[in-house]
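Text of model-v4.cif (mmCIF, C-alpha atoms) as supplied:
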data_input
loop_
_atom_site.label_atom_id
_atom_site.label_comp_id
_atom_site.auth_asym_id
_atom_site.auth_seq_id
_atom_site.Cartn_x
_atom_site.Cartn_y
_atom_site.Cartn_z
CA MET A 168 -3.32 18.50 9.59
CA LEU A 169 -3.77 22.13 10.63
CA ILE A 170 -6.83 21.25 12.70
CA GLN A 171 -4.83 18.48 14.36
CA HIS A 172 -2.12 20.96 15.33
CA ILE A 173 -4.63 23.50 16.61
CA PHE A 174 -6.23 20.82 18.76
CA ARG A 175 -2.88 19.65 20.02
CA PHE A 176 -2.25 23.15 21.28
CA ILE A 177 -5.73 24.07 22.47
CA ILE A 178 -6.47 20.91 24.44
CA PRO A 179 -3.42 21.17 26.75
CA VAL A 180 -4.00 24.89 27.24
CA PHE A 181 -7.65 24.25 28.04
CA LEU A 182 -6.76 21.45 30.47
CA GLY A 183 -4.05 23.64 31.97
CA VAL A 184 -6.47 26.51 32.55
CA ARG A 185 -9.03 24.17 34.09
CA ALA A 186 -6.52 22.55 36.41
CA TYR A 187 -5.27 25.96 37.37
CA LEU A 188 -8.80 27.19 38.17
CA VAL A 189 -9.55 24.13 40.29
CA LEU A 190 -6.30 24.43 42.19
CA ASN A 191 -6.76 28.15 42.55
CA GLU A 192 -10.14 27.66 44.17
CA LYS A 193 -8.97 24.86 46.40
CA TYR A 194 -6.07 26.79 47.71
CA ASN A 195 -7.88 30.11 47.85
CA HIS A 196 -7.45 30.15 51.58
CA LEU A 197 -3.71 30.24 51.00
CA ARG A 198 -4.12 33.55 49.22
CA ASP A 199 -6.21 34.78 52.13
CA LEU A 200 -3.43 33.83 54.44
CA MET A 201 -1.02 35.84 52.39
CA GLY A 202 -3.30 38.80 52.45
CA GLN A 203 -0.60 41.45 52.42
CA ILE A 204 -0.14 43.46 49.25
CA SER A 205 3.60 42.72 49.19
CA MET A 206 2.89 39.01 49.04
CA LEU A 207 0.39 39.28 46.18
CA SER A 208 2.95 39.80 43.42
CA SER A 209 4.87 36.66 44.37
CA TRP A 210 1.57 34.79 44.54
CA ARG A 211 0.94 35.78 40.90
CA VAL A 212 4.39 34.54 39.92
CA LEU A 213 3.65 31.24 41.62
CA GLN A 214 0.27 31.02 39.89
CA THR A 215 1.85 31.61 36.47
CA PHE A 216 4.54 29.05 37.20
CA VAL A 217 2.01 26.39 38.21
CA PHE A 218 -0.06 27.19 35.10
CA LEU A 219 2.92 26.79 32.76
CA LEU A 220 4.03 23.63 34.50
CA LEU A 221 0.59 22.09 34.04
CA CYS A 222 0.55 23.08 30.37
CA PHE A 223 3.90 21.39 29.76
CA LEU A 224 2.89 18.31 31.68
CA VAL A 225 -0.30 17.78 29.71
CA ASN A 226 1.38 18.58 26.41
CA GLY A 227 4.21 16.17 27.21
CA CYS A 228 1.74 13.35 27.73
CA GLU A 229 -0.18 14.14 24.54
CA GLY A 230 2.80 14.08 22.19
CA ARG A 231 4.87 11.31 23.69
CA ASN A 232 7.05 9.52 21.15
CA ARG A 233 6.60 5.96 19.86
CA ALA A 234 9.39 3.51 20.55
CA GLU A 235 12.58 4.00 18.56
CA LEU A 236 12.76 1.79 15.44
CA PRO A 237 15.25 -1.06 15.80
CA VAL A 238 18.40 -1.33 13.67
CA LEU A 239 18.11 -4.73 11.99
CA SER A 240 20.99 -4.68 9.53
CA GLU A 241 23.02 -2.39 7.30
CA VAL A 242 23.19 -1.96 3.52
CA THR A 243 26.91 -2.17 2.70
CA ARG A 244 26.87 -3.91 -0.65
CA GLU A 245 27.61 -1.72 -3.67
CA PHE A 246 25.40 -2.15 -6.75
CA SER A 247 24.90 -0.70 -10.17
CA PHE A 248 21.51 -0.91 -11.90
CA HIS A 249 19.65 1.05 -14.58
CA ASN A 250 16.39 2.84 -13.92
CA GLN A 251 13.34 3.52 -16.12
CA ASP A 252 15.14 6.52 -17.65
CA ASP A 253 18.24 4.41 -18.37
CA GLN A 254 20.26 6.31 -15.76
CA GLU A 255 22.75 4.44 -13.60
CA VAL A 256 21.52 3.84 -10.06
CA SER A 257 24.01 3.08 -7.30
CA LEU A 258 23.96 3.48 -3.52
CA ALA A 259 25.05 7.11 -4.09
CA VAL A 260 21.56 7.98 -5.38
CA PHE A 261 20.29 7.31 -1.84
CA THR A 262 22.80 9.51 -0.02
CA ASP A 263 20.95 11.40 2.74
CA LYS A 264 17.67 9.74 1.76
CA VAL A 265 15.36 7.40 3.58
CA TYR A 266 14.14 4.75 1.16
CA VAL A 267 11.72 1.85 0.87
CA ALA A 268 12.91 -1.05 -1.31
CA ASP A 269 11.07 -4.01 -2.79
CA PHE A 270 11.41 -6.77 -5.41
CA PHE A 271 8.82 -7.44 -8.11
CA PHE A 272 8.33 -8.07 -11.84
CA THR A 273 5.89 -6.40 -14.18
CA THR A 274 4.19 -9.57 -15.45
CA CYS A 275 3.78 -11.09 -11.99
CA PRO A 276 0.29 -12.51 -11.74
CA SER A 277 0.18 -12.98 -7.99
CA ILE A 278 1.34 -10.63 -5.24
CA CYS A 279 3.08 -7.81 -7.16
CA PRO A 280 -0.03 -5.87 -8.24
CA VAL A 281 -1.19 -5.94 -4.63
CA MET A 282 2.25 -4.70 -3.51
CA LYS A 283 2.11 -1.88 -6.04
CA ARG A 284 -1.34 -0.86 -4.80
CA GLN A 285 0.19 -0.56 -1.33
CA MET A 286 3.42 1.12 -2.48
CA ILE A 287 1.43 3.81 -4.28
CA ARG A 288 -0.14 4.65 -0.88
CA VAL A 289 3.36 5.23 0.51
CA HIS A 290 4.18 7.27 -2.61
CA ASP A 291 1.09 9.45 -2.22
CA ALA A 292 1.63 9.95 1.52
CA PHE A 293 5.16 11.32 0.95
CA ARG A 294 4.84 12.69 -2.58
CA ASP A 295 6.19 16.11 -1.59
CA ASN A 296 8.85 14.96 0.84
CA PRO A 297 12.19 14.97 -1.00
CA ASP A 298 13.85 12.97 1.80
CA LEU A 299 12.01 9.76 0.92
CA LEU A 300 12.61 7.64 -2.20
CA LEU A 301 11.04 4.39 -3.36
CA PHE A 302 13.24 1.71 -4.92
CA SER A 303 11.75 -1.25 -6.82
CA HIS A 304 13.97 -3.95 -8.33
CA THR A 305 12.67 -6.21 -11.08
CA ILE A 306 13.67 -9.84 -10.61
CA ASP A 307 12.85 -10.58 -14.27
CA PRO A 308 15.35 -8.35 -16.09
CA GLU A 309 15.09 -10.45 -19.24
CA HIS A 310 11.54 -9.21 -19.79
CA ASP A 311 11.63 -6.02 -17.70
CA THR A 312 13.95 -3.87 -19.77
CA VAL A 313 14.37 -0.12 -19.27
CA GLU A 314 11.51 0.49 -21.76
CA VAL A 315 9.18 -1.95 -20.00
CA LEU A 316 9.90 -0.32 -16.64
CA LYS A 317 9.30 3.13 -18.15
CA ASN A 318 5.94 1.99 -19.47
CA PHE A 319 5.11 0.52 -16.07
CA ALA A 320 6.11 3.72 -14.23
CA ASN A 321 4.00 5.75 -16.66
CA GLY A 322 1.05 3.50 -15.91
CA LEU A 323 1.50 4.20 -12.20
CA GLY A 324 1.95 7.90 -12.98
CA VAL A 325 5.13 8.24 -10.91
CA ALA A 326 8.30 10.31 -11.42
CA THR A 327 11.73 8.69 -11.63
CA ALA A 328 13.16 11.14 -9.09
CA LYS A 329 10.71 9.80 -6.52
CA TRP A 330 10.38 6.14 -7.47
CA GLN A 331 13.40 4.38 -8.96
CA MET A 332 12.52 1.19 -10.83
CA VAL A 333 15.64 -0.70 -11.75
CA THR A 334 16.79 -3.55 -13.92
CA GLY A 335 20.25 -5.09 -14.29
CA SER A 336 22.03 -8.41 -14.15
CA GLN A 337 19.81 -11.04 -12.58
CA GLU A 338 22.69 -12.35 -10.51
CA GLU A 339 23.28 -8.91 -9.03
CA ILE A 340 19.58 -8.35 -8.32
CA PHE A 341 19.26 -11.72 -6.55
CA ALA A 342 22.44 -10.92 -4.60
CA MET A 343 20.94 -7.60 -3.49
CA ALA A 344 17.73 -9.36 -2.40
CA LYS A 345 19.86 -11.70 -0.32
CA HIS A 346 21.77 -8.74 1.11
CA TYR A 347 18.47 -7.17 2.18
CA MET A 348 17.61 -10.60 3.63
CA VAL A 349 14.53 -11.15 1.47
CA GLY A 350 13.91 -14.10 -0.83
CA ALA A 351 13.90 -13.96 -4.65
CA MET A 352 14.51 -16.91 -6.96
CA LYS A 353 13.46 -18.58 -10.20
CA ASN A 354 10.93 -21.37 -9.88
CA LYS A 355 9.22 -23.08 -12.79
CA GLU A 356 6.29 -24.16 -10.64
CA ALA A 357 5.48 -20.65 -9.37
CA PRO A 358 2.95 -18.45 -11.15
CA GLY A 359 4.96 -16.21 -13.47
CA GLY A 360 8.12 -18.28 -12.99
CA TYR A 361 9.51 -16.61 -9.86
CA ILE A 362 9.15 -16.88 -6.12
CA HIS A 363 9.86 -13.71 -4.23
CA SER A 364 9.18 -11.98 -0.96
CA GLY A 365 6.43 -9.38 -0.76
CA SER A 366 8.36 -7.36 1.82
CA PHE A 367 8.92 -3.64 1.85
CA ILE A 368 12.30 -2.83 3.39
CA LEU A 369 12.76 0.45 5.25
CA VAL A 370 16.30 1.88 5.06
CA ASP A 371 17.30 5.06 6.91
CA LYS A 372 19.69 7.85 5.89
CA ASN A 373 22.62 5.96 7.45
CA LYS A 374 21.81 2.89 5.31
CA LYS A 375 20.57 0.96 8.33
CA ILE A 376 17.60 -1.35 7.80
CA ARG A 377 14.92 -0.24 10.27
CA GLY A 378 11.95 -2.43 9.38
CA TYR A 379 10.32 -5.07 7.19
CA TYR A 380 6.66 -4.79 6.23
CA ASN A 381 4.31 -7.12 4.39
CA GLY A 382 3.70 -5.25 1.15
CA THR A 383 0.44 -7.08 0.54
CA SER A 384 -1.13 -6.04 3.84
CA ALA A 385 -2.82 -2.64 4.18
CA GLU A 386 -2.41 -2.77 7.97
CA ASP A 387 1.32 -3.41 7.74
CA VAL A 388 1.71 -0.56 5.26
CA ASP A 389 -0.23 1.71 7.67
CA ARG A 390 2.49 0.86 10.18
CA LEU A 391 5.20 1.59 7.57
CA ILE A 392 3.69 5.04 6.91
CA LEU A 393 3.66 5.82 10.66
CA ASP A 394 7.26 4.57 11.06
CA LEU A 395 8.34 6.67 8.06
CA LYS A 396 6.77 9.79 9.55
CA GLN A 397 8.65 9.15 12.79
CA LEU A 398 11.95 8.41 11.05
CA LEU A 399 11.75 11.41 8.70
CA LYS A 400 11.04 13.68 11.67
CA GLN A 401 14.09 12.35 13.51
CA GLN A 402 16.58 12.31 10.66
CA MET B 170 -34.49 -25.66 20.89
CA LEU B 171 -32.87 -22.32 20.13
CA LEU B 172 -29.71 -24.09 19.02
CA PHE B 173 -31.70 -26.36 16.77
CA THR B 174 -33.47 -23.39 15.15
CA CYS B 175 -30.13 -21.69 14.56
CA PHE B 176 -28.82 -24.89 13.02
CA LEU B 177 -31.83 -25.09 10.71
CA PHE B 178 -31.42 -21.48 9.65
CA GLY B 179 -27.73 -22.08 9.02
CA LEU B 180 -28.57 -25.11 6.90
CA ILE B 181 -31.11 -23.18 4.83
CA ALA B 182 -28.75 -20.22 4.38
CA GLY B 183 -26.00 -22.61 3.33
CA CYS B 184 -28.22 -24.34 0.80
CA THR B 185 -29.58 -21.17 -0.80
CA GLU B 186 -26.10 -19.92 -1.76
CA ASP B 187 -25.36 -20.47 -5.43
CA PRO B 188 -22.24 -22.67 -5.48
CA ALA B 189 -21.33 -21.67 -9.06
CA GLU B 190 -21.46 -17.97 -8.26
CA ASP B 191 -19.53 -18.60 -5.08
CA ARG B 192 -16.88 -20.41 -7.11
CA GLY B 193 -16.83 -17.59 -9.64
CA GLU B 194 -16.29 -15.03 -6.91
CA LYS B 195 -13.43 -17.05 -5.42
CA LEU B 196 -11.81 -17.46 -8.84
CA TYR B 197 -12.16 -13.74 -9.52
CA ALA B 198 -10.61 -12.88 -6.14
CA GLY B 199 -7.77 -15.35 -6.70
CA TYR B 200 -6.86 -14.74 -10.34
CA CYS B 201 -8.16 -11.30 -11.36
CA ALA B 202 -8.65 -8.98 -8.39
CA GLY B 203 -4.92 -8.44 -7.74
CA CYS B 204 -4.67 -6.34 -10.90
CA HIS B 205 -8.24 -5.42 -11.82
CA GLY B 206 -9.39 -4.71 -8.25
CA LEU B 207 -11.88 -6.54 -6.03
CA GLU B 208 -14.69 -4.50 -7.56
CA GLY B 209 -13.34 -4.67 -11.10
CA GLU B 210 -12.43 -1.00 -10.84
CA GLY B 211 -8.94 -1.34 -12.35
CA PHE B 212 -5.78 0.33 -11.05
CA LEU B 213 -4.59 3.75 -12.19
CA GLN B 214 -3.38 3.81 -15.79
CA LEU B 215 -1.80 0.40 -15.27
CA TYR B 216 -4.61 -2.18 -15.22
CA PRO B 217 -7.93 -1.47 -16.93
CA PRO B 218 -11.30 -1.67 -15.20
CA ILE B 219 -13.71 -4.47 -16.14
CA LYS B 220 -16.81 -3.40 -14.24
CA ASN B 221 -19.32 -1.39 -16.29
CA THR B 222 -17.13 -1.36 -19.39
CA ARG B 223 -18.44 -1.72 -22.91
CA PHE B 224 -15.43 -3.99 -23.45
CA LEU B 225 -16.92 -6.68 -21.18
CA ASP B 226 -20.26 -6.55 -22.98
CA SER B 227 -18.94 -6.51 -26.52
CA ASN B 228 -16.00 -8.93 -26.18
CA LEU B 229 -17.52 -11.76 -24.19
CA ASN B 230 -16.57 -14.29 -26.84
CA ARG B 231 -12.92 -13.12 -26.73
CA LEU B 232 -12.72 -13.24 -22.94
CA PRO B 233 -11.84 -16.95 -22.50
CA CYS B 234 -8.94 -16.57 -24.97
CA ILE B 235 -7.72 -13.43 -23.20
CA ILE B 236 -7.87 -15.18 -19.83
CA ARG B 237 -6.09 -18.31 -21.10
CA TYR B 238 -3.40 -16.71 -23.27
CA GLY B 239 -3.05 -13.23 -21.81
CA LEU B 240 -2.93 -9.96 -23.68
CA LYS B 241 -0.17 -7.72 -25.00
CA GLY B 242 -0.09 -4.30 -26.60
CA GLU B 243 -2.31 -1.24 -26.47
CA ILE B 244 -5.93 -1.63 -25.50
CA ARG B 245 -8.57 1.10 -25.34
CA ILE B 246 -11.07 0.80 -22.49
CA GLU B 247 -13.65 3.55 -21.98
CA ASN B 248 -11.49 5.99 -23.97
CA ARG B 249 -8.38 5.35 -21.92
CA ILE B 250 -5.40 3.56 -23.37
CA PHE B 251 -3.70 0.80 -21.37
CA ASN B 252 -0.52 -0.93 -22.41
CA GLN B 253 0.69 -3.62 -20.03
CA VAL B 254 1.21 -7.33 -20.39
CA MET B 255 -1.62 -9.45 -19.03
CA PRO B 256 -0.15 -12.82 -18.02
CA ALA B 257 -1.67 -16.06 -19.27
CA ASN B 258 -3.83 -18.15 -16.93
CA GLN B 259 -3.37 -21.62 -18.37
CA GLN B 260 -4.56 -23.34 -15.21
CA LEU B 261 -8.21 -22.24 -15.54
CA SER B 262 -10.52 -24.79 -17.17
CA SER B 263 -13.41 -23.81 -19.42
CA GLU B 264 -15.75 -24.58 -16.53
CA ASP B 265 -13.74 -22.25 -14.28
CA MET B 266 -13.99 -19.54 -16.91
CA GLY B 267 -17.74 -20.02 -17.22
CA ASP B 268 -18.20 -19.50 -13.47
CA LEU B 269 -15.76 -16.60 -13.50
CA ILE B 270 -17.41 -14.75 -16.39
CA ASN B 271 -20.89 -15.42 -15.01
CA TYR B 272 -19.80 -13.99 -11.68
CA MET B 273 -18.54 -10.78 -13.31
CA LEU B 274 -21.72 -10.33 -15.33
CA GLU B 275 -23.89 -11.01 -12.28
CA ALA B 276 -21.93 -8.96 -9.75
CA TRP B 277 -21.71 -5.87 -11.93
CA GLN B 278 -25.17 -6.16 -13.46
CA HIS B 279 -24.11 -6.73 -17.03
CA ARG B 280 -26.47 -8.25 -19.56
CA LYS B 281 -26.30 -12.04 -19.16
CA THR B 282 -26.10 -14.21 -22.25
CA GLU B 283 -25.41 -17.83 -22.92
CA LEU B 284 -21.71 -18.57 -22.60
CA MET B 285 -20.11 -20.96 -25.06
CA VAL B 286 -16.71 -21.02 -23.44
CA SER B 287 -15.46 -24.25 -25.04
CA ASP B 288 -16.47 -23.10 -28.54
CA TRP B 289 -14.91 -19.72 -28.01
CA LEU B 290 -11.72 -21.32 -26.72
CA SER B 291 -11.40 -23.46 -29.85
CA GLY B 292 -11.20 -20.25 -31.88
CA CYS B 293 -8.21 -18.81 -30.03
CA SER B 294 -5.85 -19.23 -32.97
CA ASN B 295 -4.84 -15.57 -33.02
CA TYR B 296 -3.28 -15.78 -29.56
#
Mind turning the file's structure into structure tokens?
Amino acid sequence: MLIQHIFRFIIPVFLGVRAYLVLNEKYNHLRDLMGQISMLSSWRVLQTFVFLLLCFLVNGCEGRNRAELPVLSEVTREFSFHNQDDQEVSLAVFTDKVYVADFFFTTCPSICPVMKRQMIRVHDAFRDNPDLLLFSHTIDPEHDTVEVLKNFANGLGVATAKWQMVTGSQEEIFAMAKHYMVGAMKNKEAPGGYIHSGSFILVDKNKKIRGYYNGTSAEDVDRLILDLKQLLKQQ
Amino acid sequence: MLLFTCFLFGLIAGCTEDPAEDRGEKLYAGYCAGCHGLEGEGFLQLYPPIKNTRFLDSNLNRLPCIIRYGLKGEIRIENRIFNQVMPANQQLSSEDMGDLINYMLEAWQHRKTELMVSDWLSGCSNY
């Protein structure tokens, strides 16, 4: 990171100096024209000004921002769940936090383990950033009790303050999934007994949904990590 | 001529592939890799590794029962304790399991022995 910053500074300065030298040589005859001593000081001022202008120009191009993330929806529905430490979790827990939500169940034989492999990448990338929380809802509360979720969180080696894993009434969890506009339902034919979306949902500090990402795709989660960096810098 | 040679090479390459191992690899990727990793490396303290474990060598005869009926409770693998629920995989036939187990033994250079999957499955009463 440090090296990246150093380069970000050095490269524009280097390019600025080079451009300045080239221009200086090209317009050397100008200086000859203004041969008087009284003119020399203003020539220096002009040189410095051109140098700074070039630096800013090059730097501006280097660090130009990515497009603003769209606002797709808003989380307005109140909820009350219990996390792996048996504490109540409501929307208030996410006040002034950016969070990434998903739906899973601990005995899911299909996509959930892949999603958790990807979510742990997000966790590790922002481990020390208190402004980002992770929020996983079980869709199988009958099996995934507080104790089961605690055991699962221990297996992942994650702290409750960073990664809330919640259980509650199935009706309320399905209603929340619907509110986030992702699918979750019982299905006897499906492996594990449930069909659910593998999406990660990105919610900003104003509770606006800013993106959906395929939680089973490493490339999509790369994009989520970049979007999170951008959003956390802005908010 | 060149096209024909390519075609011949393709045909030979296609024929030399072991279909059973290929099947085993596909079954592993579809039913096991999500949790245990594509290389059998496991996942954190959540899902145990399979590759290069003494467990794979010394519990071969239990493996078909574990795959079919799942596993619950604490399990010690290479001196680490794991305690998650492994879901049952009722849809895998004994032939599937044979290919699957053979693939794991082959891919991770474990000692290969004769597999008696059907016999082992008939002794799954404890599950």
Exercise. Write out as a PyMOL selection string every residue belonging to chain A that has an atom at most 12 Å from any atom of chain B, counting only C-alpha atoms.
Key: chain A and resi 272-285+287+310-311+314-325+356-360+383
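Atom pair CA of Thr305 (chain A) / CA of Trp330 (chain A): separated by 13.1 Å.
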Please evaluate the PyMOL selection byres ((chain B and resi 278) around 12) against the displayed coordinates and give the resulting residues as a PDB file with C-alpha atoms, in the frame of the given file.
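Contents of out.pdb, freshly written:
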ATOM      1  CA  ILE B 219     -13.710  -4.470 -16.140  1.00  0.00           C
ATOM      2  CA  LYS B 220     -16.810  -3.400 -14.240  1.00  0.00           C
ATOM      3  CA  ASN B 221     -19.320  -1.390 -16.290  1.00  0.00           C
ATOM      4  CA  THR B 222     -17.130  -1.360 -19.390  1.00  0.00           C
ATOM      5  CA  LEU B 225     -16.920  -6.680 -21.180  1.00  0.00           C
ATOM      6  CA  ASP B 226     -20.260  -6.550 -22.980  1.00  0.00           C
ATOM      7  CA  ILE B 270     -17.410 -14.750 -16.390  1.00  0.00           C
ATOM      8  CA  ASN B 271     -20.890 -15.420 -15.010  1.00  0.00           C
ATOM      9  CA  TYR B 272     -19.800 -13.990 -11.680  1.00  0.00           C
ATOM     10  CA  MET B 273     -18.540 -10.780 -13.310  1.00  0.00           C
ATOM     11  CA  LEU B 274     -21.720 -10.330 -15.330  1.00  0.00           C
ATOM     12  CA  GLU B 275     -23.890 -11.010 -12.280  1.00  0.00           C
ATOM     13  CA  ALA B 276     -21.930  -8.960  -9.750  1.00  0.00           C
ATOM     14  CA  TRP B 277     -21.710  -5.870 -11.930  1.00  0.00           C
ATOM     15  CA  HIS B 279     -24.110  -6.730 -17.030  1.00  0.00           C
ATOM     16  CA  ARG B 280     -26.470  -8.250 -19.560  1.00  0.00           C
ATOM     17  CA  LYS B 281     -26.300 -12.040 -19.160  1.00  0.00           C
ATOM     18  CA  THR B 282     -26.100 -14.210 -22.250  1.00  0.00           C
TER      19      THR B 282
END
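The two atoms in question, CA of Ser287 (chain B) and CA of Asn230 (chain B), are spaced 10.2 Å apart.
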Quiz prompt | Result set, the PyMOL selection byres ((chain A and resi 333) around 7) on current file, as a PyMOL selection string | solution = chain A and resi 248-251+303-305+331-332+334-335
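The residue that comes closest to Lys375 (chain A), out of A:Val256, A:Val289, A:Val313, A:Tyr347 and on the basis of only C-alpha atoms, is A:Tyr347.
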Self-check item: Coordinates-based distance that separates CA of Ala351 (chain A) from CA of Ser364 (chain A) (Å, one decimal)
Solution: 6.3 Å
Quick one: what's the axis-aligned box for region 242-259 of chain A, all listed atoms, 5 Å on every side, centre and edges in Å to one decimal, as AutoDock Vina command-line options?
--center_x 20.5 --center_y 1.6 --center_z -7.4 --size_x 24.3 --size_y 21.0 --size_z 31.9
